[in-house]
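Data file: my_file_8.csv. Format and content: CSV, C-alpha atoms.
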chain,number,residue,atom,x,y,z
A,149,MET,CA,-13.5,-17.4,25.4
A,150,ARG,CA,-15.7,-19.4,23.1
A,151,LYS,CA,-14.0,-20.3,19.9
A,152,LYS,CA,-15.3,-18.9,16.6
A,153,PRO,CA,-17.1,-21.6,14.5
A,154,ILE,CA,-14.8,-23.0,11.9
A,155,GLU,CA,-17.3,-22.0,9.2
A,156,SER,CA,-17.0,-18.4,10.2
A,157,GLN,CA,-13.2,-18.5,9.9
A,158,GLN,CA,-13.4,-20.1,6.5
A,159,PHE,CA,-15.7,-17.5,5.2
A,160,ILE,CA,-13.7,-14.6,6.7
A,161,GLN,CA,-10.6,-16.1,5.1
A,162,ARG,CA,-12.4,-16.0,1.8
A,163,CYS,CA,-13.1,-12.3,2.4
A,164,PHE,CA,-9.4,-11.8,2.8
A,165,ASP,CA,-8.6,-13.6,-0.4
A,166,LEU,CA,-11.1,-11.5,-2.3
A,167,ALA,CA,-9.9,-8.2,-0.7
A,168,TYR,CA,-6.3,-8.8,-1.7
A,169,GLN,CA,-7.3,-8.9,-5.4
A,170,ALA,CA,-7.7,-5.1,-5.3
A,171,ARG,CA,-4.3,-4.3,-3.9
A,172,GLY,CA,-2.9,-1.2,-5.7
A,173,ARG,CA,-6.3,0.0,-7.0
A,174,GLN,CA,-8.4,0.7,-3.9
A,175,SER,CA,-6.0,3.0,-2.1
A,176,PRO,CA,-6.4,5.1,0.0
A,177,ASN,CA,-9.4,3.1,1.0
A,178,PRO,CA,-8.8,-0.2,2.8
A,179,MET,CA,-8.9,-3.6,1.0
A,180,VAL,CA,-12.2,-5.2,1.9
A,181,GLY,CA,-13.9,-8.5,1.0
A,182,ALA,CA,-17.4,-9.7,1.7
A,183,VAL,CA,-19.1,-13.1,1.4
A,184,ILE,CA,-22.9,-13.9,1.7
A,185,THR,CA,-24.0,-17.4,2.7
A,186,VAL,CA,-27.2,-19.4,3.2
A,187,ASP,CA,-26.9,-22.7,5.0
A,188,GLN,CA,-23.1,-22.4,4.9
A,189,LYS,CA,-23.1,-22.1,1.1
A,190,ILE,CA,-21.9,-19.0,-0.7
A,191,ILE,CA,-24.6,-17.3,-2.7
A,192,GLY,CA,-22.7,-14.0,-3.3
A,193,GLU,CA,-19.3,-12.4,-2.8
A,194,GLY,CA,-17.5,-9.3,-3.7
A,195,TYR,CA,-14.6,-6.9,-2.9
A,196,HIS,CA,-13.9,-3.2,-3.1
A,197,GLN,CA,-12.4,-3.2,-6.5
A,198,GLN,CA,-11.3,0.5,-7.0
A,199,TYR,CA,-11.3,3.7,-5.1
A,200,GLY,CA,-14.6,5.5,-5.6
A,201,ASP,CA,-16.5,2.4,-6.7
A,202,ASN,CA,-19.0,0.2,-4.7
A,203,HIS,CA,-17.7,-1.2,-1.4
A,204,ALA,CA,-17.3,-5.0,-0.9
A,205,GLU,CA,-20.7,-5.4,0.8
A,206,ILE,CA,-22.6,-3.8,-2.0
A,207,ASN,CA,-20.8,-5.8,-4.7
A,208,ALA,CA,-21.6,-9.0,-2.8
A,209,ILE,CA,-25.2,-8.1,-2.4
A,210,GLN,CA,-25.5,-7.3,-6.1
A,211,ALA,CA,-23.9,-10.7,-6.9
A,212,VAL,CA,-26.8,-12.6,-5.3
A,213,LYS,CA,-29.1,-13.9,-8.0
A,214,ASP,CA,-32.3,-14.0,-5.8
A,215,PRO,CA,-32.4,-10.9,-3.5
A,216,GLN,CA,-35.3,-12.6,-1.6
A,217,ARG,CA,-32.8,-14.9,0.0
A,218,LEU,CA,-30.9,-12.1,1.8
A,219,LYS,CA,-33.3,-12.1,4.8
A,220,GLU,CA,-32.2,-15.7,5.5
A,221,ALA,CA,-28.6,-15.1,4.8
A,222,SER,CA,-25.4,-14.2,6.7
A,223,ILE,CA,-22.9,-11.7,5.5
A,224,PHE,CA,-19.2,-12.0,6.4
A,225,VAL,CA,-17.0,-8.9,6.0
A,226,SER,CA,-13.2,-8.5,6.6
A,227,LEU,CA,-13.8,-5.0,8.0
A,228,GLU,CA,-16.6,-3.3,9.8
A,229,PRO,CA,-19.1,-1.8,7.3
A,230,CYS,CA,-18.8,1.9,6.8
A,231,PHE,CA,-21.1,4.2,8.8
A,232,HIS,CA,-20.5,7.5,7.0
A,233,PHE,CA,-21.3,9.0,3.6
A,234,GLY,CA,-18.2,9.3,1.4
A,235,LYS,CA,-17.9,8.4,-2.3
A,236,THR,CA,-20.8,6.0,-1.6
A,237,PRO,CA,-23.6,5.8,1.0
A,238,PRO,CA,-23.0,3.9,4.3
A,239,CYS,CA,-22.9,0.2,3.8
A,240,VAL,CA,-24.4,-0.5,7.2
A,241,GLN,CA,-27.7,1.1,6.1
A,242,THR,CA,-27.9,-1.3,3.2
A,243,ILE,CA,-27.1,-4.3,5.4
A,244,MET,CA,-29.8,-3.3,8.0
A,245,HIS,CA,-32.3,-2.6,5.2
A,246,GLU,CA,-31.8,-6.1,3.6
A,247,GLY,CA,-32.4,-7.7,7.0
A,248,PHE,CA,-29.5,-10.2,7.1
A,249,LYS,CA,-29.9,-12.9,9.7
A,250,SER,CA,-26.4,-12.3,11.0
A,251,VAL,CA,-23.3,-10.2,10.4
A,252,ALA,CA,-19.7,-11.4,11.0
A,253,ILE,CA,-16.6,-9.2,10.8
A,254,SER,CA,-12.9,-9.6,11.4
A,255,VAL,CA,-11.9,-6.2,12.7
A,256,GLN,CA,-13.6,-2.9,13.6
A,257,ASP,CA,-12.8,0.1,11.4
A,258,ILE,CA,-10.1,2.3,12.7
A,259,ASN,CA,-11.6,5.3,10.9
A,260,PRO,CA,-13.2,7.5,13.6
A,261,LEU,CA,-16.1,8.2,11.3
A,262,THR,CA,-17.1,4.5,11.8
A,263,ALA,CA,-14.9,2.9,14.6
A,264,GLY,CA,-17.5,0.7,16.2
A,265,ARG,CA,-20.6,2.8,15.3
A,266,SER,CA,-21.8,0.3,12.6
A,267,VAL,CA,-21.5,-2.6,15.1
A,268,GLN,CA,-23.6,-0.6,17.6
A,269,ALA,CA,-26.2,0.2,14.9
A,270,LEU,CA,-26.5,-3.4,13.8
A,271,LYS,CA,-27.0,-4.6,17.4
A,272,ALA,CA,-29.6,-1.9,18.0
A,273,ASN,CA,-31.3,-3.1,14.9
A,274,HIS,CA,-31.5,-6.6,16.5
A,275,GLN,CA,-29.1,-8.2,14.1
A,276,GLN,CA,-26.8,-10.8,15.4
A,277,VAL,CA,-23.2,-9.6,15.2
A,278,GLN,CA,-20.0,-11.7,15.5
A,279,GLU,CA,-16.7,-9.9,15.8
A,280,ASN,CA,-12.9,-10.5,15.9
A,281,ILE,CA,-12.8,-13.5,13.6
A,282,LEU,CA,-9.2,-14.1,12.5
A,283,PHE,CA,-8.5,-10.8,14.1
A,284,GLU,CA,-4.7,-10.7,13.6
A,285,LYS,CA,-5.1,-11.5,9.8
A,286,GLY,CA,-7.8,-8.8,9.6
A,287,GLN,CA,-5.4,-6.3,11.1
A,288,GLU,CA,-2.7,-7.3,8.7
A,289,LEU,CA,-5.1,-6.7,5.8
A,290,ILE,CA,-5.7,-3.1,6.7
A,291,ARG,CA,-2.2,-2.4,7.9
A,292,HIS,CA,-1.6,0.2,5.1
A,293,PHE,CA,-5.0,1.9,5.8
A,294,SER,CA,-4.3,2.0,9.6
A,295,THR,CA,-1.1,3.8,8.9
A,296,ASN,CA,-2.9,6.4,6.8
A,297,ILE,CA,-5.5,7.1,9.6
A,298,ARG,CA,-3.1,7.0,12.6
A,299,LEU,CA,-0.2,8.9,11.2
A,300,ASN,CA,-1.8,11.0,8.5
A,301,ARG,CA,0.6,9.9,5.8
A,302,PRO,CA,1.1,7.1,3.3
A,303,PHE,CA,2.4,3.6,4.2
A,304,ILE,CA,6.1,3.9,3.3
A,305,VAL,CA,8.3,1.0,2.1
A,306,LEU,CA,12.0,1.4,1.5
A,307,LYS,CA,13.4,-0.8,-1.3
A,308,TYR,CA,17.1,-1.3,-2.3
A,309,ALA,CA,19.7,-3.8,-3.3
A,310,THR,CA,23.1,-4.2,-1.6
A,311,SER,CA,26.3,-6.0,-2.5
A,312,GLN,CA,27.7,-8.8,-0.3
A,313,ASP,CA,30.1,-6.2,1.3
A,314,GLY,CA,27.3,-3.7,2.0
A,315,PHE,CA,27.4,-1.2,-0.8
A,316,LEU,CA,24.5,0.2,-2.9
A,317,GLY,CA,26.6,1.1,-5.8
A,318,GLN,CA,29.5,3.5,-6.8
A,319,LYS,CA,29.4,7.2,-7.2
A,320,ASP,CA,28.2,8.6,-10.5
A,321,LYS,CA,28.1,5.1,-12.0
A,322,GLN,CA,25.2,2.8,-12.8
A,323,VAL,CA,25.8,-0.5,-11.1
A,324,TRP,CA,23.3,-3.4,-11.4
A,325,LEU,CA,23.4,-5.7,-8.4
A,326,SER,CA,20.2,-7.7,-8.3
A,327,ASN,CA,19.5,-10.7,-10.6
A,328,PRO,CA,16.6,-10.8,-13.2
A,329,PHE,CA,14.2,-12.5,-10.8
A,330,SER,CA,14.7,-9.8,-8.2
A,331,LYS,CA,14.1,-7.1,-10.9
A,332,ARG,CA,10.8,-8.7,-11.8
A,333,LEU,CA,9.8,-8.9,-8.2
A,334,ALA,CA,10.6,-5.3,-7.8
A,335,HIS,CA,8.3,-4.5,-10.7
A,336,LEU,CA,5.5,-6.6,-9.1
A,337,TRP,CA,5.9,-4.6,-5.9
A,338,ARG,CA,5.7,-1.3,-7.8
A,339,SER,CA,2.5,-2.4,-9.3
A,340,LYS,CA,0.9,-2.7,-5.9
A,341,PHE,CA,1.8,0.9,-4.8
A,342,ASP,CA,0.2,4.2,-5.5
A,343,ALA,CA,3.5,6.1,-5.9
A,344,ILE,CA,7.2,5.6,-6.3
A,345,LEU,CA,9.9,8.1,-5.0
A,346,VAL,CA,13.5,8.5,-5.9
A,347,GLY,CA,16.1,11.2,-5.4
A,348,GLY,CA,17.2,13.6,-8.1
A,349,GLN,CA,20.7,12.1,-8.2
A,350,THR,CA,19.3,8.6,-9.0
A,351,VAL,CA,17.3,10.1,-11.9
A,352,ARG,CA,20.4,11.9,-13.3
A,353,THR,CA,22.7,8.9,-12.9
A,354,ASP,CA,20.4,5.9,-13.7
A,355,ASN,CA,17.7,7.6,-15.8
A,356,PRO,CA,15.0,5.1,-14.5
A,357,ARG,CA,11.6,4.7,-16.0
A,358,LEU,CA,10.0,4.0,-12.6
A,359,SER,CA,7.4,1.9,-14.4
A,360,THR,CA,5.6,-1.4,-13.8
A,361,ARG,CA,6.0,-2.5,-17.5
A,362,TYR,CA,6.4,-6.2,-16.6
A,363,PHE,CA,3.0,-6.4,-14.8
A,364,ASN,CA,0.7,-3.5,-15.3
A,365,SER,CA,0.0,-0.9,-18.0
A,366,ILE,CA,-1.0,1.6,-15.2
A,367,ASN,CA,2.2,3.1,-13.7
A,368,PRO,CA,2.3,4.6,-10.2
A,369,LEU,CA,2.7,8.3,-9.6
A,370,ARG,CA,6.4,9.2,-10.0
A,371,ILE,CA,8.0,11.5,-7.4
A,372,VAL,CA,11.5,12.9,-7.6
A,373,LEU,CA,13.0,14.5,-4.4
A,374,SER,CA,15.6,17.1,-5.5
A,375,LYS,CA,17.7,19.9,-4.2
A,376,SER,CA,19.0,20.9,-7.7
A,377,ASP,CA,17.0,22.5,-10.5
A,378,PHE,CA,19.0,20.7,-13.3
A,379,PHE,CA,17.3,17.9,-15.2
A,380,LYS,CA,17.7,17.0,-18.9
A,381,LYS,CA,14.4,17.2,-20.6
A,382,ASN,CA,14.9,13.8,-22.4
A,383,LEU,CA,14.9,11.8,-19.1
A,384,HIS,CA,12.5,8.9,-18.9
A,385,ILE,CA,10.6,10.4,-16.0
A,386,PHE,CA,9.4,13.1,-18.4
A,387,ASP,CA,8.0,10.6,-21.0
A,388,ASN,CA,4.3,11.2,-19.9
A,389,ASN,CA,3.8,7.5,-19.3
A,390,ALA,CA,2.8,8.4,-15.7
A,391,PRO,CA,2.1,11.6,-13.8
A,392,THR,CA,5.3,13.0,-12.3
A,393,ILE,CA,5.9,15.3,-9.4
A,394,ILE,CA,9.3,17.0,-8.6
A,395,ALA,CA,9.4,17.8,-4.9
A,396,SER,CA,12.1,20.5,-4.9
A,397,LEU,CA,14.0,22.5,-2.3
A,398,ASN,CA,15.1,24.9,-5.0
A,399,ASN,CA,12.9,27.9,-5.5
A,400,ASN,CA,14.1,28.3,-9.1
A,401,MET,CA,12.7,24.9,-10.2
A,402,LEU,CA,10.6,25.1,-13.3
A,403,ALA,CA,8.5,22.3,-14.8
A,404,PRO,CA,10.2,20.8,-17.9
A,405,ASN,CA,6.8,20.1,-19.5
A,406,PRO,CA,3.1,20.8,-18.7
A,407,GLN,CA,2.6,17.2,-17.5
A,408,THR,CA,5.1,17.6,-14.6
A,409,GLU,CA,4.1,19.2,-11.4
A,410,ILE,CA,6.5,21.0,-9.1
A,411,PHE,CA,5.8,20.8,-5.4
A,412,GLN,CA,7.9,23.4,-3.5
A,413,LEU,CA,9.4,22.2,-0.3
A,414,ASP,CA,10.2,24.5,2.6
A,415,ALA,CA,13.7,23.7,4.0
A,416,SER,CA,12.8,25.5,7.3
A,417,ARG,CA,10.1,22.9,8.0
A,418,ASP,CA,9.9,19.1,8.3
A,419,TYR,CA,9.6,19.0,4.5
A,420,LEU,CA,9.5,15.2,4.2
A,421,LYS,CA,6.6,15.0,6.6
A,422,ASP,CA,4.9,17.9,4.7
A,423,LEU,CA,5.4,16.0,1.4
A,424,MET,CA,3.9,12.8,2.8
A,425,GLU,CA,0.9,14.6,4.2
A,426,TYR,CA,0.3,16.4,0.9
A,427,LEU,CA,0.5,13.2,-1.1
A,428,LEU,CA,-2.1,11.5,1.1
A,429,ALA,CA,-4.5,14.4,1.4
A,430,GLN,CA,-4.2,15.9,-2.1
A,431,LYS,CA,-3.1,13.0,-4.3
A,432,LYS,CA,-4.8,10.1,-2.5
A,433,VAL,CA,-1.5,8.3,-2.2
A,434,GLY,CA,-2.0,5.6,0.5
A,435,THR,CA,1.1,3.6,-0.2
A,436,ILE,CA,4.5,4.7,-1.5
A,437,ILE,CA,7.7,2.8,-2.2
A,438,ILE,CA,11.0,4.7,-1.9
A,439,GLU,CA,13.8,3.5,-4.3
A,440,GLY,CA,16.1,6.5,-4.0
A,441,GLY,CA,19.9,6.4,-3.3
A,442,ARG,CA,21.5,6.3,0.1
A,443,GLN,CA,20.9,9.9,1.0
A,444,THR,CA,17.2,9.7,0.1
A,445,LEU,CA,16.7,6.4,1.9
A,446,GLN,CA,18.6,7.5,5.0
A,447,SER,CA,16.7,10.8,5.2
A,448,PHE,CA,13.4,8.9,5.5
A,449,ILE,CA,14.9,6.6,8.1
A,450,ASP,CA,16.3,9.4,10.1
A,451,ALA,CA,12.9,11.2,9.9
A,452,ASP,CA,11.2,8.0,11.2
A,453,LEU,CA,9.2,8.0,8.0
A,454,TRP,CA,9.2,4.3,7.1
A,455,ASP,CA,7.1,1.2,7.9
A,456,GLU,CA,8.8,-1.6,6.0
A,457,ALA,CA,12.2,-2.2,4.3
A,458,ARG,CA,12.6,-4.7,1.4
A,459,ILE,CA,16.2,-5.4,0.7
A,460,PHE,CA,17.8,-7.5,-2.0
A,461,ARG,CA,21.1,-8.9,-0.7
A,462,THR,CA,23.2,-10.0,-3.6
A,463,PRO,CA,26.4,-12.0,-3.9
A,464,LYS,CA,28.3,-9.4,-5.8
A,465,ILE,CA,31.3,-7.7,-4.2
A,466,LEU,CA,32.1,-4.1,-5.0
A,467,GLY,CA,35.0,-3.5,-2.7
A,468,HIS,CA,34.2,0.2,-2.3
A,469,GLY,CA,31.3,2.5,-3.0
A,470,ILE,CA,28.2,4.0,-1.5
A,471,PRO,CA,27.4,2.3,1.8
A,472,GLU,CA,23.9,0.9,2.4
A,473,PRO,CA,21.7,3.0,4.7
A,474,ILE,CA,21.6,2.3,8.4
A,475,LEU,CA,18.1,1.0,9.5
A,476,LYS,CA,16.8,2.0,12.9
A,477,LYS,CA,14.1,0.2,14.9
A,478,ALA,CA,14.2,-2.6,12.4
A,479,VAL,CA,12.8,-6.1,13.1
A,480,LEU,CA,13.3,-8.9,10.6
A,481,HIS,CA,9.9,-10.1,9.4
A,482,GLN,CA,10.7,-12.3,6.5
A,483,ARG,CA,13.7,-13.8,4.7
A,484,PHE,CA,13.8,-15.9,1.5
A,485,PRO,CA,16.1,-16.8,-1.4
A,486,LEU,CA,15.5,-15.7,-4.9
A,487,ASP,CA,18.0,-17.5,-7.1
A,488,THR,CA,21.4,-16.0,-6.4
A,489,ASP,CA,19.9,-13.1,-4.3
A,490,GLU,CA,18.2,-13.2,-0.9
A,491,VAL,CA,15.3,-11.0,0.1
A,492,TRP,CA,15.2,-9.5,3.6
A,493,VAL,CA,12.0,-7.8,4.8
A,494,PHE,CA,12.2,-5.7,7.9
A,495,ARG,CA,9.4,-3.9,9.7
A,496,LYS,CA,9.8,-0.9,12.0
A,497,SER,CA,9.2,-1.7,15.6
A,498,SER,CA,6.6,0.5,17.4
Could you write out this file's structure as structure tokens?
Amino acid sequence: MRKKPIESQQFIQRCFDLAYQARGRQSPNPMVGAVITVDQKIIGEGYHQQYGDNHAEINAIQAVKDPQRLKEASIFVSLEPCFHFGKTPPCVQTIMHEGFKSVAISVQDINPLTAGRSVQALKANHQQVQENILFEKGQELIRHFSTNIRLNRPFIVLKYATSQDGFLGQKDKQVWLSNPFSKRLAHLWRSKFDAILVGGQTVRTDNPRLSTRYFNSINPLRIVLSKSDFFKKNLHIFDNNAPTIIASLNNNMLAPNPQTEIFQLDASRDYLKDLMEYLLAQKKVGTIIIEGGRQTLQSFIDADLWDEARIFRTPKILGHGIPEPILKKAVLHQRFPLDTDEVWVFRKSS
């Protein structure tokens, strides 16, 4: 196989760098970056900044000061340009209209509405197309989006901290395990997700804010999974700083205030799967982080509803308490120290 020119790889890498800037704002659309060059010099670049706004290719084209140069230009895109009408017109039509000399992409779109159709259209329009540049990195970039399309649910990350002897905490008692650096990293992670979910017992015991106050003024959607209908009205989750959903198995659940939504779960069905499908389809939640207690975490693991687990392993010893959940199909992906803690990242094997 002929190697891709080093310049193409450099420009596609720049597309990745641009795309990642939108993490947490573009969902459930994929992160996408685009670069336009003439004689191997960048004359325009852009990325898909927010769901519903212009796609990366359009932002890159609009960044070019002299539109006349587009006919002699090459455009590099991390993901195949869209073929279908959605919030915006098909980007492939604009690319063909501008008459780019060549088009280079990292990966084809997994969305069946596009899925290779734009590549075919560009070739039929006699435009040179180069594919599969830094292919593995391109797949990693759209990993969350691919999960949305393939499994019809959000990309699900489990997050929790454990003691050295394998406990999450102690019953009916608030126990802090992770160090300040880990807590700040957890807030950074939250800021990159569309929603955060905990169990009702965690809310009653810890009274969490479920916010990203260290990094972002925009908090993720807060979701509480609960079997009980009892919540004190002065809990932080009812502070109106972020939209809140209580997903309840209790038919008597009433919203504590007008800003809180109740989503009724059906215990006779696969209710976790129903909830995840609802969040993606109706709330546009493409990514969700689960920070519940052991029962909540284990319920998602047992239902095979997880993609990644991020665990803070701390040096503290509790001696007894609530055991950490048992991961299944877990493959260690990354491991690194964070002051006194250690971060372990697992991915679920296919």
Which is closer to Arg495 in chain A than all the others in A:Ala334, A:Val255, A:Ile304, A:Leu397, using all atoms listed in the file? A:Ile304
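All residues of protein, DNA or RNA that reach within 8 Å of Ala395 in chain A, judged by only C-alpha atoms and not counting those fewer than 5 positions away in the chain, are Ile371, Val372, Leu373, Ser374, Ile410, Phe411, Gln412, Leu413 and Leu423 of chain A.
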Expected answer as a VMD selection string: all residues with atoms within 12 Å of (17.9, 8.5, -13.6), all atoms listed in the file: chain A and resid 320 to 322 345 to 358 372 379 to 386 439 to 441
Every residue with an atom at most 9 Å from (-32.1, -16.0, 1.9) (file coordinates; all atoms listed in the file) is what I'm after, so could you write them as a PyMOL selection string? chain A and resi 185-186+191+214-222+248-249
Nearby residues (all atoms listed in the file) at most 12 Å from Leu445 in chain A, same-chain spacing under 3 positions excluded, as a ChimeraX atom specification: /A:304-309,316,345-347,350,373,420,437-442,448-454,456-459,471-476
Hey, can I get the axis-aligned box for range 271-287 of chain A? All listed atoms, 6 Å padding on each side, centre and edge lengths in Å to one decimal, as JSON.
{"center_x": -18.1, "center_y": -8.0, "center_z": 13.8, "size_x": 38.8, "size_y": 24.2, "size_z": 20.4}
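A straight line drawn from CA of Pro176 in chain A to CA of Phe293 in chain A is 6.8 Å long.
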Point-to-point distance from CA of Ile465 in chain A to CA of Thr310 in chain A, Å rounded to tenths: 9.3 Å
CA of Met179 in chain A and CA of Lys340 in chain A, how far apart in Å? 12.0 Å
Selection near range 479-494 of chain A, 9 Å with all atoms listed in the file, sequence-local residues under 2 positions removed, as number ranges by chain: A: 326-327, 329-330, 455-463, 477, 496-497
Gly181 in chain A surroundings by all atoms listed in the file, 7 Å radius, close-in-sequence under 3 positions cut, as a PyMOL selection string: chain A and resi 163-164+166-167+194-196+204+225-226
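With distances taken over all atoms listed in the file, A:Pro229 is the one residue among A:Pro229, A:Gly192, A:Gly264, A:Pro302 lying closest to Ile243 in chain A.
Residue nearest Ser254 in chain A within the list A:Lys271, A:Arg298, A:Arg332, A:Arg162: A:Arg162 [criterion: smallest interatomic distance, all atoms listed in the file].
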Find, counting only C-alpha atoms, the residue in A:Gly234, A:Gly200, A:Lys375, A:Asp387 that gets nearest to Asn405 in chain A. A:Asp387
Which polymer residues have any atom within 12 Å of an atom of Ser359 in chain A, counting all atoms listed in the file, with same-chain residues fewer than 6 positions away left out, as a PyMOL selection string? chain A and resi 331-332+334-345+365-371+384-385+387-392
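Taking all atoms listed in the file into account, Gln268 in chain A lies nearest to A:Val240 out of the set A:Ile209, A:Leu427, A:Ile290, A:Val240.
The smallest atom-to-atom distance between Met424 in chain A and any of A:Leu299, A:Ala272, A:Val212, A:Ile281, using all atoms listed in the file, is found for A:Leu299.
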Some atoms are missing, so please complete range 322-333 of chain A with N, CA, C and O atoms and return it as a short mmCIF file (atom, residue, chain, number, x, y, z; two decimals), in the frame of the given file.
data_model
loop_
_atom_site.label_atom_id
_atom_site.label_comp_id
_atom_site.auth_asym_id
_atom_site.auth_seq_id
_atom_site.Cartn_x
_atom_site.Cartn_y
_atom_site.Cartn_z
N GLN A 322 26.36 3.74 -12.92
CA GLN A 322 25.20 2.80 -12.80
C GLN A 322 25.74 1.42 -12.61
O GLN A 322 26.49 0.87 -13.42
N VAL A 323 25.33 0.84 -11.47
CA VAL A 323 25.80 -0.50 -11.10
C VAL A 323 24.58 -1.39 -10.86
O VAL A 323 23.73 -1.07 -10.02
N TRP A 324 24.46 -2.48 -11.62
CA TRP A 324 23.30 -3.40 -11.40
C TRP A 324 23.78 -4.52 -10.46
O TRP A 324 24.76 -5.21 -10.70
N LEU A 325 23.04 -4.68 -9.38
CA LEU A 325 23.40 -5.70 -8.40
C LEU A 325 22.46 -6.88 -8.39
O LEU A 325 22.91 -8.02 -8.35
N SER A 326 21.16 -6.65 -8.45
CA SER A 326 20.20 -7.70 -8.30
C SER A 326 20.06 -8.54 -9.60
O SER A 326 20.35 -8.05 -10.70
N ASN A 327 19.61 -9.79 -9.47
CA ASN A 327 19.50 -10.70 -10.60
C ASN A 327 18.10 -10.42 -11.32
O ASN A 327 17.27 -9.67 -10.80
N PRO A 328 17.86 -11.03 -12.50
CA PRO A 328 16.60 -10.80 -13.20
C PRO A 328 15.34 -11.13 -12.45
O PRO A 328 14.31 -10.48 -12.62
N PHE A 329 15.39 -12.15 -11.60
CA PHE A 329 14.20 -12.50 -10.80
C PHE A 329 13.88 -11.42 -9.80
O PHE A 329 12.72 -11.09 -9.59
N SER A 330 14.91 -10.86 -9.19
CA SER A 330 14.70 -9.80 -8.20
C SER A 330 14.15 -8.53 -8.92
O SER A 330 13.29 -7.83 -8.37
N LYS A 331 14.63 -8.28 -10.13
CA LYS A 331 14.10 -7.10 -10.90
C LYS A 331 12.65 -7.27 -11.19
O LYS A 331 11.87 -6.31 -11.09
N ARG A 332 12.24 -8.48 -11.54
CA ARG A 332 10.80 -8.70 -11.80
C ARG A 332 9.98 -8.59 -10.56
O ARG A 332 8.86 -8.05 -10.59
N LEU A 333 10.49 -9.09 -9.46
CA LEU A 333 9.80 -8.90 -8.20
C LEU A 333 9.62 -7.48 -7.83
O LEU A 333 8.57 -7.05 -7.35
#
